[in-house]
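To be precise, the following lines are final.pdb, and they hold PDB, C-alpha atoms, pLDDT in the B column.
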ATOM      1  CA  MET A 112      32.817  53.997 -36.046  1.00 40.00           C
ATOM      2  CA  ASN A 113      33.194  52.477 -32.641  1.00 43.00           C
ATOM      3  CA  THR A 114      29.999  50.633 -31.744  1.00 46.00           C
ATOM      4  CA  MET A 115      28.834  49.357 -28.391  1.00 48.00           C
ATOM      5  CA  GLU A 116      29.462  45.824 -29.665  1.00 50.00           C
ATOM      6  CA  ASP A 117      33.110  46.665 -30.512  1.00 56.00           C
ATOM      7  CA  ARG A 118      34.088  47.477 -26.949  1.00 60.00           C
ATOM      8  CA  GLU A 119      33.196  46.479 -23.444  1.00 74.00           C
ATOM      9  CA  MET A 120      30.595  48.588 -21.710  1.00 69.00           C
ATOM     10  CA  THR A 121      31.412  50.489 -18.573  1.00 78.00           C
ATOM     11  CA  GLN A 122      29.531  49.706 -15.386  1.00 82.00           C
ATOM     12  CA  ALA A 123      27.464  52.890 -15.853  1.00 75.00           C
ATOM     13  CA  GLU A 124      26.565  51.878 -19.423  1.00 74.00           C
ATOM     14  CA  GLU A 125      25.540  48.413 -18.250  1.00 79.00           C
ATOM     15  CA  GLU A 126      23.283  50.007 -15.633  1.00 80.00           C
ATOM     16  CA  TRP A 127      21.743  52.350 -18.231  1.00 80.00           C
ATOM     17  CA  PHE A 128      21.110  49.479 -20.633  1.00 77.00           C
ATOM     18  CA  ALA A 129      19.504  47.464 -17.830  1.00 81.00           C
ATOM     19  CA  GLU A 130      17.307  50.466 -17.047  1.00 81.00           C
ATOM     20  CA  ILE A 131      16.436  50.878 -20.741  1.00 82.00           C
ATOM     21  CA  GLU A 132      15.433  47.213 -21.010  1.00 84.00           C
ATOM     22  CA  GLU A 133      13.466  47.380 -17.741  1.00 86.00           C
ATOM     23  CA  ALA A 134      11.538  50.289 -19.266  1.00 83.00           C
ATOM     24  CA  GLY A 135      10.544  47.921 -22.087  1.00 87.00           C
ATOM     25  CA  TYR A 136      12.932  49.065 -24.809  1.00 86.00           C
ATOM     26  CA  ASP A 137      15.104  46.750 -26.888  1.00 88.00           C
ATOM     27  CA  GLY A 138      18.637  47.489 -25.677  1.00 84.00           C
ATOM     28  CA  GLY A 139      20.104  46.386 -29.007  1.00 88.00           C
ATOM     29  CA  ALA A 140      17.889  48.816 -30.910  1.00 91.00           C
ATOM     30  CA  VAL A 141      18.685  51.659 -28.506  1.00 86.00           C
ATOM     31  CA  GLY A 142      22.398  50.893 -28.849  1.00 83.00           C
ATOM     32  CA  ALA A 143      22.201  50.783 -32.652  1.00 89.00           C
ATOM     33  CA  TYR A 144      20.373  54.102 -32.686  1.00 88.00           C
ATOM     34  CA  ARG A 145      22.878  55.722 -30.339  1.00 82.00           C
ATOM     35  CA  ASP A 146      25.861  54.359 -32.275  1.00 83.00           C
ATOM     36  CA  ASN A 147      24.525  55.784 -35.526  1.00 84.00           C
ATOM     37  CA  VAL A 148      23.164  59.085 -34.266  1.00 80.00           C
ATOM     38  CA  GLY A 149      26.369  59.747 -32.402  1.00 72.00           C
ATOM     39  CA  GLU A 150      27.307  59.566 -28.764  1.00 65.00           C
ATOM     40  CA  GLN A 151      28.310  63.236 -28.751  1.00 63.00           C
ATOM     41  CA  TYR A 152      24.656  64.107 -29.465  1.00 63.00           C
ATOM     42  CA  THR A 153      22.996  61.414 -27.381  1.00 61.00           C
ATOM     43  CA  PRO A 154      25.087  60.409 -24.391  1.00 64.00           C
ATOM     44  CA  LEU A 155      23.737  57.193 -22.951  1.00 64.00           C
ATOM     45  CA  SER A 156      23.561  58.796 -19.511  1.00 65.00           C
ATOM     46  CA  ASN A 157      20.826  61.087 -20.873  1.00 70.00           C
ATOM     47  CA  TRP A 158      18.843  58.364 -22.636  1.00 70.00           C
ATOM     48  CA  ARG A 159      15.556  59.590 -21.134  1.00 72.00           C
ATOM     49  CA  ASP A 160      16.095  62.933 -22.901  1.00 72.00           C
ATOM     50  CA  TRP A 161      16.179  61.384 -26.363  1.00 75.00           C
ATOM     51  CA  ILE A 162      14.015  58.285 -25.984  1.00 80.00           C
ATOM     52  CA  ASP A 163      11.065  60.120 -27.620  1.00 81.00           C
ATOM     53  CA  GLN A 164      13.242  60.683 -30.674  1.00 84.00           C
ATOM     54  CA  PHE A 165      14.242  57.003 -30.629  1.00 87.00           C
ATOM     55  CA  GLU A 166      10.587  55.939 -30.374  1.00 88.00           C
ATOM     56  CA  GLU A 167       9.666  58.128 -33.340  1.00 90.00           C
ATOM     57  CA  ALA A 168      12.521  56.777 -35.444  1.00 92.00           C
ATOM     58  CA  TYR A 169      12.413  53.066 -34.513  1.00 94.00           C
ATOM     59  CA  GLN A 170      10.464  50.910 -36.958  1.00 96.00           C
ATOM     60  CA  GLY A 171      11.379  47.409 -35.822  1.00 95.00           C
ATOM     61  CA  GLU A 172      13.833  44.579 -36.246  1.00 97.00           C
ATOM     62  CA  MET A 173      13.803  43.086 -39.746  1.00 97.00           C
ATOM     63  CA  THR A 174      15.662  43.124 -43.042  1.00 98.00           C
ATOM     64  CA  THR A 175      15.432  46.153 -45.287  1.00 97.00           C
ATOM     65  CA  ARG A 176      13.586  44.004 -47.837  1.00 97.00           C
ATOM     66  CA  GLU A 177      11.013  42.835 -45.280  1.00 96.00           C
ATOM     67  CA  PHE A 178      10.450  46.419 -44.201  1.00 97.00           C
ATOM     68  CA  ALA A 179      10.028  47.657 -47.781  1.00 95.00           C
ATOM     69  CA  GLU A 180       7.550  44.883 -48.583  1.00 91.00           C
ATOM     70  CA  GLN A 181       5.579  45.502 -45.393  1.00 93.00           C
ATOM     71  CA  LEU A 182       5.423  49.257 -45.970  1.00 94.00           C
ATOM     72  CA  ALA A 183       4.459  48.891 -49.629  1.00 89.00           C
ATOM     73  CA  ASP A 184       1.766  46.343 -48.850  1.00 85.00           C
ATOM     74  CA  GLU A 185       0.310  48.498 -46.062  1.00 87.00           C
ATOM     75  CA  ALA A 186       0.531  51.845 -47.859  1.00 87.00           C
ATOM     76  CA  PHE A 187       0.078  51.159 -51.558  1.00 83.00           C
ATOM     77  CA  ILE A 188      -1.445  47.759 -52.230  1.00 80.00           C
ATOM     78  CA  PRO A 189      -4.877  47.014 -50.769  1.00 78.00           C
ATOM     79  CA  ALA A 190      -5.049  43.675 -48.964  1.00 77.00           C
ATOM     80  CA  ASP A 191      -7.924  42.511 -51.149  1.00 83.00           C
ATOM     81  CA  SER A 192      -5.955  43.076 -54.391  1.00 83.00           C
ATOM     82  CA  PRO A 193      -5.741  40.150 -56.766  1.00 84.00           C
ATOM     83  CA  GLN A 194      -2.411  38.298 -56.582  1.00 79.00           C
ATOM     84  CA  TRP A 195      -1.319  39.468 -60.039  1.00 80.00           C
ATOM     85  CA  VAL A 196      -1.162  43.082 -58.791  1.00 77.00           C
ATOM     86  CA  PHE A 197       1.789  42.181 -56.563  1.00 74.00           C
ATOM     87  CA  THR A 198       3.862  41.141 -59.581  1.00 78.00           C
ATOM     88  CA  TYR A 199       3.773  44.706 -60.931  1.00 80.00           C
ATOM     89  CA  PHE A 200       5.193  46.376 -57.851  1.00 81.00           C
ATOM     90  CA  ASP A 201       8.996  46.606 -57.858  1.00 88.00           C
ATOM     91  CA  TYR A 202       9.873  45.928 -54.218  1.00 89.00           C
ATOM     92  CA  GLU A 203      13.599  45.995 -54.930  1.00 93.00           C
ATOM     93  CA  LYS A 204      13.538  49.544 -56.310  1.00 94.00           C
ATOM     94  CA  PHE A 205      11.178  50.637 -53.554  1.00 94.00           C
ATOM     95  CA  GLU A 206      13.581  49.236 -50.947  1.00 96.00           C
ATOM     96  CA  ARG A 207      16.528  51.017 -52.574  1.00 97.00           C
ATOM     97  CA  ASP A 208      14.662  54.320 -52.682  1.00 96.00           C
ATOM     98  CA  LEU A 209      13.487  54.074 -49.057  1.00 96.00           C
ATOM     99  CA  PHE A 210      17.014  53.568 -47.775  1.00 96.00           C
ATOM    100  CA  MET A 211      18.530  56.386 -49.814  1.00 96.00           C
ATOM    101  CA  GLY A 212      17.389  58.874 -47.195  1.00 92.00           C
ATOM    102  CA  ASP A 213      14.009  58.249 -45.576  1.00 95.00           C
ATOM    103  CA  TYR A 214      15.072  55.206 -43.551  1.00 97.00           C
ATOM    104  CA  TRP A 215      18.275  53.583 -42.356  1.00 96.00           C
ATOM    105  CA  GLU A 216      19.268  50.206 -40.977  1.00 97.00           C
ATOM    106  CA  SER A 217      21.777  49.184 -38.325  1.00 95.00           C
ATOM    107  CA  ASN A 218      22.376  45.651 -37.035  1.00 93.00           C
ATOM    108  CA  GLY A 219      18.969  44.524 -38.323  1.00 96.00           C
ATOM    109  CA  TYR A 220      17.078  47.444 -36.761  1.00 97.00           C
ATOM    110  CA  ILE A 221      15.183  49.838 -39.017  1.00 97.00           C
ATOM    111  CA  PHE A 222      14.903  53.547 -38.245  1.00 96.00           C
ATOM    112  CA  ARG A 223      13.150  56.458 -39.935  1.00 95.00           C
ATOM    113  CA  SER A 224      15.357  59.447 -40.583  1.00 93.00           C
ATOM    114  CA  ILE A 225      14.028  62.325 -38.505  1.00 84.00           C
TER     115      ILE A 225
END
structure tokens encoding of this file:
Amino acid sequence: MNTMEDREMTQAEEEWFAEIEEAGYDGGAVGAYRDNVGEQYTPLSNWRDWIDQFEEAYQGEMTTREFAEQLADEAFIPADSPQWVFTYFDYEKFERDLFMGDYWESNGYIFRSI
């Protein structure tokens, strides 16, 4: 797959990325999303048309392990749990399962499959 990082951007692409960043979006995350979703479906020139989809999918910049731990801790393990409870949760398997279909990662950016 040819990613934005593998080739030089055109002047128009540079302008769109500048506009994306001016709007407050992480250009690297938008580029990773576009590269993985497919340019034929999301041409950069129409980024405003699919930015809602990007916003819904984008989870943040972190490792897959950090994301799995954060999600598990927020969703399944109450913050006031005794420390020993954390030793019974298998974060590694949870991470594997999450990234088998519900989430995906590109260049350190995490996205929810939508």
- If the PyMOL selection byres ((chain A and resi 197-205) around 9) is run on the structure shown, which residues does it catch, given as number ranges by chain? A: 176, 179-180, 183-184, 188, 192-196, 206-210
- Task: Measure the distance from atom CA of A:Tyr214 to atom CA of A:Ala129 in Å and round it to one decimal.
- Result: 27.2 Å
- To one decimal in Å, tell me the separation between atom CA of A:Tyr220 and atom CA of A:Glu172.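 Atom-to-atom, atom CA of A:Tyr220 and atom CA of A:Glu172 are spaced 4.4 Å apart.
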- Task: Evaluate the PyMOL selection byres ((chain A and resi 222-225) around 8) here and jot the selected residues down as a ChimeraX atom specification.
- Result: /A:144,167-171,212-216,220-221
- Atom-to-atom span, atom CA of A:Ile162 and atom CA of A:Ala134, Å: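 Taking atom CA of A:Ile162 as the start and atom CA of A:Ala134 as the end point, the length is 10.7 Å.
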What lies within 12 Å of stretch 156-160 of chain A using only C-alpha atoms, ignoring chain neighbours under 2 positions off, as a PDB file with C-alpha atoms, in the frame of the given file?
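Heads up, here's the output in result-v2.pdb:
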ATOM      1  CA  THR A 121      31.412  50.489 -18.573  1.00 78.00           C
ATOM      2  CA  GLN A 122      29.531  49.706 -15.386  1.00 82.00           C
ATOM      3  CA  ALA A 123      27.464  52.890 -15.853  1.00 75.00           C
ATOM      4  CA  GLU A 124      26.565  51.878 -19.423  1.00 74.00           C
ATOM      5  CA  GLU A 125      25.540  48.413 -18.250  1.00 79.00           C
ATOM      6  CA  GLU A 126      23.283  50.007 -15.633  1.00 80.00           C
ATOM      7  CA  TRP A 127      21.743  52.350 -18.231  1.00 80.00           C
ATOM      8  CA  PHE A 128      21.110  49.479 -20.633  1.00 77.00           C
ATOM      9  CA  ALA A 129      19.504  47.464 -17.830  1.00 81.00           C
ATOM     10  CA  GLU A 130      17.307  50.466 -17.047  1.00 81.00           C
ATOM     11  CA  ILE A 131      16.436  50.878 -20.741  1.00 82.00           C
ATOM     12  CA  GLU A 132      15.433  47.213 -21.010  1.00 84.00           C
ATOM     13  CA  ALA A 134      11.538  50.289 -19.266  1.00 83.00           C
ATOM     14  CA  TYR A 136      12.932  49.065 -24.809  1.00 86.00           C
ATOM     15  CA  GLY A 138      18.637  47.489 -25.677  1.00 84.00           C
ATOM     16  CA  VAL A 141      18.685  51.659 -28.506  1.00 86.00           C
ATOM     17  CA  GLY A 142      22.398  50.893 -28.849  1.00 83.00           C
ATOM     18  CA  TYR A 144      20.373  54.102 -32.686  1.00 88.00           C
ATOM     19  CA  ARG A 145      22.878  55.722 -30.339  1.00 82.00           C
ATOM     20  CA  GLU A 150      27.307  59.566 -28.764  1.00 65.00           C
ATOM     21  CA  GLN A 151      28.310  63.236 -28.751  1.00 63.00           C
ATOM     22  CA  TYR A 152      24.656  64.107 -29.465  1.00 63.00           C
ATOM     23  CA  THR A 153      22.996  61.414 -27.381  1.00 61.00           C
ATOM     24  CA  PRO A 154      25.087  60.409 -24.391  1.00 64.00           C
ATOM     25  CA  ILE A 162      14.015  58.285 -25.984  1.00 80.00           C
ATOM     26  CA  ASP A 163      11.065  60.120 -27.620  1.00 81.00           C
ATOM     27  CA  GLN A 164      13.242  60.683 -30.674  1.00 84.00           C
ATOM     28  CA  PHE A 165      14.242  57.003 -30.629  1.00 87.00           C
ATOM     29  CA  GLU A 166      10.587  55.939 -30.374  1.00 88.00           C
TER      30      GLU A 166
END
Write out as AutoDock Vina command-line options an axis-aligned box for stretch 173-183 of chain A: all of its atoms listed in the file, 5 Å added on each side, centre and edge lengths in Å with one decimal.
--center_x 10.1 --center_y 46.0 --center_z -44.7 --size_x 21.2 --size_y 16.4 --size_z 19.9
